[in-house]
>>> print(open('query-v6.txt').read())   # compact mmCIF, C-alpha atoms
# COMPACT_ATOMS: atom_id res chain seq x y z
CA MET A 13 22.99 -70.72 -52.56
CA LYS A 14 20.16 -68.63 -53.83
CA LYS A 15 17.68 -71.23 -52.86
CA TRP A 16 18.70 -70.97 -49.16
CA ILE A 17 18.40 -67.19 -48.89
CA LEU A 18 14.59 -67.09 -48.78
CA PRO A 19 14.26 -69.78 -46.06
CA ILE A 20 17.01 -68.05 -44.01
CA ILE A 21 15.24 -64.71 -44.30
CA ILE A 22 11.91 -66.33 -43.32
CA LEU A 23 13.61 -68.01 -40.37
CA LEU A 24 15.19 -64.74 -39.23
CA VAL A 25 11.84 -62.91 -39.53
CA ALA A 26 10.14 -65.69 -37.52
CA ILE A 27 12.85 -65.48 -34.84
CA ILE A 28 12.50 -61.67 -34.67
CA ILE A 29 8.69 -61.86 -34.45
CA THR A 30 8.85 -64.57 -31.78
CA ALA A 31 11.44 -62.64 -29.78
CA SER A 32 9.34 -59.46 -30.04
CA VAL A 33 6.19 -61.24 -28.86
CA LEU A 34 8.06 -62.84 -25.95
CA GLU A 35 9.63 -59.44 -25.06
CA ILE A 36 6.28 -57.63 -25.22
CA THR A 37 4.47 -60.19 -23.11
CA GLY A 38 7.30 -60.06 -20.58
CA ILE A 39 8.12 -63.74 -20.73
CA ILE A 40 11.75 -63.15 -21.67
CA HIS A 41 13.85 -60.03 -21.70
CA ILE A 42 15.77 -60.53 -24.88
CA ARG A 43 17.34 -57.10 -24.92
CA GLY A 44 18.61 -57.63 -21.40
CA LEU A 45 20.02 -61.04 -22.27
CA LEU A 46 21.62 -59.67 -25.42
CA TRP A 47 23.11 -56.70 -23.57
CA ASN A 48 24.43 -58.92 -20.77
CA SER A 49 26.05 -61.36 -23.15
CA LEU A 50 27.58 -58.54 -25.22
CA ALA A 51 28.74 -56.72 -22.05
CA ALA A 52 30.44 -59.91 -20.86
CA SER A 53 32.45 -60.20 -24.06
CA ARG A 54 35.89 -58.65 -24.24
CA ALA A 55 35.32 -57.02 -27.60
CA PHE A 56 31.98 -55.35 -26.93
CA GLY A 57 32.08 -55.07 -23.10
CA PRO A 58 33.86 -51.71 -22.84
CA LEU A 59 31.72 -50.27 -25.62
CA ILE A 60 28.49 -51.42 -23.96
CA ARG A 61 29.55 -50.05 -20.56
CA THR A 62 30.47 -46.72 -22.18
CA TYR A 63 27.13 -46.65 -23.95
CA GLN A 64 25.28 -47.48 -20.71
CA LEU A 65 27.16 -44.70 -18.88
CA GLY A 66 26.25 -42.31 -21.70
CA VAL A 67 22.59 -43.30 -21.46
CA GLN A 68 22.70 -42.97 -17.68
CA ASN A 69 24.38 -39.54 -17.93
CA SER A 70 21.90 -38.52 -20.60
CA GLU A 71 18.98 -39.49 -18.36
CA GLU A 72 20.55 -37.68 -15.41
CA LEU A 73 21.08 -34.57 -17.54
CA ALA A 74 17.48 -34.78 -18.77
CA ASN A 75 16.29 -35.01 -15.16
CA ARG A 76 18.47 -32.05 -14.14
CA HIS A 77 17.25 -30.09 -17.15
CA GLN A 78 13.66 -30.84 -16.20
CA ALA A 79 14.34 -29.81 -12.58
CA LEU A 80 15.97 -26.58 -13.79
CA GLU A 81 12.98 -25.83 -16.03
CA GLU A 82 10.66 -26.41 -13.07
CA LEU A 83 12.82 -24.16 -10.92
CA GLN A 84 12.79 -21.52 -13.66
CA ARG A 85 8.98 -21.71 -13.86
CA ASN A 86 8.76 -21.40 -10.07
CA LEU A 87 11.12 -18.44 -10.07
CA ALA A 88 9.14 -16.74 -12.86
CA HIS A 89 5.95 -17.30 -10.88
CA GLU A 90 7.58 -15.92 -7.72
CA ALA A 91 8.82 -12.90 -9.69
CA ASP A 92 5.29 -12.29 -10.96
CA LEU A 93 3.98 -12.53 -7.40
CA LEU A 94 6.66 -10.12 -6.18
CA ARG A 95 5.85 -7.62 -8.96
CA SER A 96 2.18 -7.86 -8.10
CA GLU A 97 2.90 -7.42 -4.39
CA ARG A 98 5.23 -4.50 -5.10
CA ALA A 99 2.51 -2.79 -7.17
CA HIS A 100 0.02 -3.40 -4.37
CA LEU A 101 2.44 -2.00 -1.80
CA GLU A 102 3.10 1.07 -3.97
CA ARG A 103 -0.64 1.71 -4.24
CA ARG A 104 -1.03 1.24 -0.50
CA LYS A 105 1.93 3.56 0.16
CA LYS A 106 0.30 6.28 -1.97
CA GLU A 107 -2.99 5.78 -0.15
CA LEU A 108 -1.24 6.07 3.21
CA GLU A 109 0.65 9.18 2.09
CA ARG A 110 -2.65 10.77 0.99
CA GLU A 111 -4.20 9.81 4.30
CA GLU A 112 -1.20 11.20 6.18
CA ARG A 113 -1.49 14.51 4.28
CA ARG A 114 -5.21 14.63 5.03
CA ILE A 115 -4.56 13.99 8.73
CA GLN A 116 -1.82 16.65 8.76
CA GLU A 117 -4.25 19.09 7.17
CA LEU A 118 -6.86 18.22 9.80
CA ILE A 119 -4.30 18.68 12.58
CA GLN A 120 -3.24 22.01 11.12
CA ALA A 121 -6.88 23.11 10.80
CA TRP A 122 -7.47 21.96 14.38
CA ASP A 123 -4.43 23.89 15.61
CA GLU A 124 -5.53 26.98 13.71
CA ARG A 125 -9.04 26.62 15.13
CA GLN A 126 -7.59 26.23 18.62
CA ALA A 127 -5.45 29.33 18.12
CA GLN A 128 -8.48 31.25 16.85
CA ASP A 129 -10.54 30.05 19.79
CA GLN A 130 -7.77 31.06 22.19
CA GLU A 131 -7.51 34.46 20.53
CA ALA A 132 -11.29 34.87 20.63
CA LYS A 133 -11.31 33.84 24.29
CA LYS A 134 -8.56 36.36 25.11
CA LYS A 135 -10.40 39.02 23.15
CA GLN A 136 -13.61 38.19 25.01
CA GLU A 137 -11.77 38.33 28.34
CA ARG A 138 -10.28 41.71 27.42
CA LEU A 139 -13.72 42.96 26.37
CA GLU A 140 -15.26 41.73 29.62
CA ARG A 141 -12.50 43.44 31.64
CA THR A 142 -13.05 46.63 29.64
CA GLN A 143 -16.82 46.41 30.18
CA GLU A 144 -16.22 45.80 33.89
CA MET A 145 -13.87 48.77 34.01
CA TYR A 146 -16.44 51.09 32.37
CA ALA A 147 -19.19 49.67 34.60
CA HIS A 148 -17.15 50.70 37.70
CA MET A 149 -16.07 54.11 36.39
CA ARG A 150 -17.81 57.28 37.29
CA ALA A 151 -20.58 57.79 34.70
CA GLU A 152 -19.22 61.21 33.59
CA ASP A 153 -15.71 59.85 32.97
CA ALA A 154 -17.05 56.83 31.06
CA ALA A 155 -19.30 59.08 28.95
CA SER A 156 -16.49 61.46 28.03
CA ILE A 157 -14.28 58.53 26.89
CA LEU A 158 -17.01 56.64 25.01
CA ILE A 159 -18.04 59.59 22.80
CA GLN A 160 -14.51 59.68 21.35
CA MET A 161 -14.41 55.95 20.38
CA ASP A 162 -15.40 54.09 17.22
CA ASP A 163 -19.14 53.26 17.13
CA GLU A 164 -18.64 49.46 16.83
CA LEU A 165 -16.30 49.39 19.82
CA VAL A 166 -18.67 51.58 21.85
CA LYS A 167 -21.58 49.29 20.98
CA THR A 168 -19.59 46.21 22.04
CA ILE A 169 -18.57 47.81 25.35
CA LEU A 170 -22.06 49.11 26.14
CA GLU A 171 -23.67 45.71 25.53
CA GLY A 172 -21.82 44.28 28.55
CA ILE A 173 -22.54 47.12 31.01
CA PRO A 174 -25.44 46.61 33.45
CA PRO A 175 -28.56 48.74 32.67
CA GLU A 176 -28.29 50.84 35.87
CA GLN A 177 -24.72 51.91 34.97
CA LEU A 178 -25.79 52.51 31.32
CA ALA A 179 -28.54 54.80 32.50
CA ALA A 180 -26.03 56.80 34.56
CA ILE A 181 -23.61 57.04 31.57
CA PHE A 182 -26.42 58.16 29.20
CA ALA A 183 -27.55 60.73 31.78
CA ALA A 184 -24.02 62.17 31.78
CA LEU A 185 -24.05 62.58 27.98
CA GLU A 186 -25.52 65.37 25.94
CA PRO A 187 -28.93 64.39 24.52
CA LYS A 188 -27.65 64.03 20.91
CA GLN A 189 -24.77 61.80 22.00
CA ALA A 190 -27.09 59.74 24.24
CA ALA A 191 -29.50 59.31 21.31
CA ARG A 192 -26.66 58.19 18.97
CA LEU A 193 -25.41 55.63 21.51
CA SER A 194 -28.97 54.41 22.15
CA ALA A 195 -29.41 53.92 18.40
CA LEU A 196 -26.20 51.89 18.32
CA LEU A 197 -27.50 49.54 21.00
CA THR A 198 -30.85 48.99 19.26
CA ASN A 199 -29.36 48.21 15.79
>>> encode(input="query-v6.txt", output="structure tokens")
Amino acid sequence: MKKWILPIIILLVAIIITASVLEITGIIHIRGLLWNSLAASRAFGPLIRTYQLGVQNSEELANRHQALEELQRNLAHEADLLRSERAHLERRKKELEREERRIQELIQAWDERQAQDQEAKKKQERLERTQEMYAHMRAEDAASILIQMDDELVKTILEGIPPEQLAAIFAALEPKQAARLSALLTN
């Protein structure tokens, strides 16, 4: 029996090599034939079908796992994009808030300037009315009132009175008072 072992082994190796070459070249599908014949048998059929279902389920699970990994990568990328966009929006929000504060400050400055201009306009109108009033007063009455006022106010009032009326007011004053008021107008 020992003398037959070597030829049997050589024969089996030759069959395996031949089957592999035929399988690789695509001439015959030995694995398919072997699986089909085993699946058709009563002893191995249920085992082969169970194995094939396991392989099929394993492939399906691998595909699902791959799809989940892809989805996870996409979600991570989307999360990165959202974080980046959120940071950009936060920076933009701060810029807009600074701009809003600057505009509010400009509006407030404008309002204050308008109020100052209105006040200056009212003050100018009051001064013009006062100058008009003194210009239409009798020169003696105007002179007696002006000598009792603050020098700056007198100067401001006298600057708006026509020269003819000024001359009449100065003529109604004592010479020292007229000289003082004349000095105010020239300074």
>>> residues_around(input="query-v6.txt", residues="region 127-141 of chain A", least_positions_apart="3", cutoff="9 Å", atoms="all atoms listed in the file", output="list in words")
Trp122, Asp123, Glu124, Glu144, Met145, Tyr146, Thr168, Ile169 and Gly172 of chain A
>>> atom_distance(input="query-v6.txt", atom1="CA of Gln68 (chain A)", atom2="CA of Glu82 (chain A)")
21.0 Å
>>> atom_distance(input="query-v6.txt", atom1="CA of Asp163 (chain A)", atom2="CA of Ala179 (chain A)")
18.1 Å
>>> closest_atom_pairs(input="query-v6.txt", of="region 60-177 of chain A", to="region 184-188 of chain A", cutoff="9 Å", atoms="all atoms listed in the file", output="Markdown table")
| residue | atom | partner | partner_atom | distance |
| --- | --- | --- | --- | --- |
| A:Ala151 | CA | A:Ala184 | CA | 6.3 |
| A:Glu152 | CA | A:Ala184 | CA | 5.2 |
| A:Asp153 | CA | A:Ala184 | CA | 8.7 |
| A:Ala154 | CA | A:Ala184 | CA | 8.8 |
| A:Ala155 | CA | A:Leu185 | CA | 6.0 |
| A:Ser156 | CA | A:Leu185 | CA | 7.6 |
| A:Ile159 | CA | A:Leu185 | CA | 8.5 |
>>> atom_distance(input="query-v6.txt", atom1="CA of Ala88 (chain A)", atom2="CA of Arg104 (chain A)")
24.1 Å
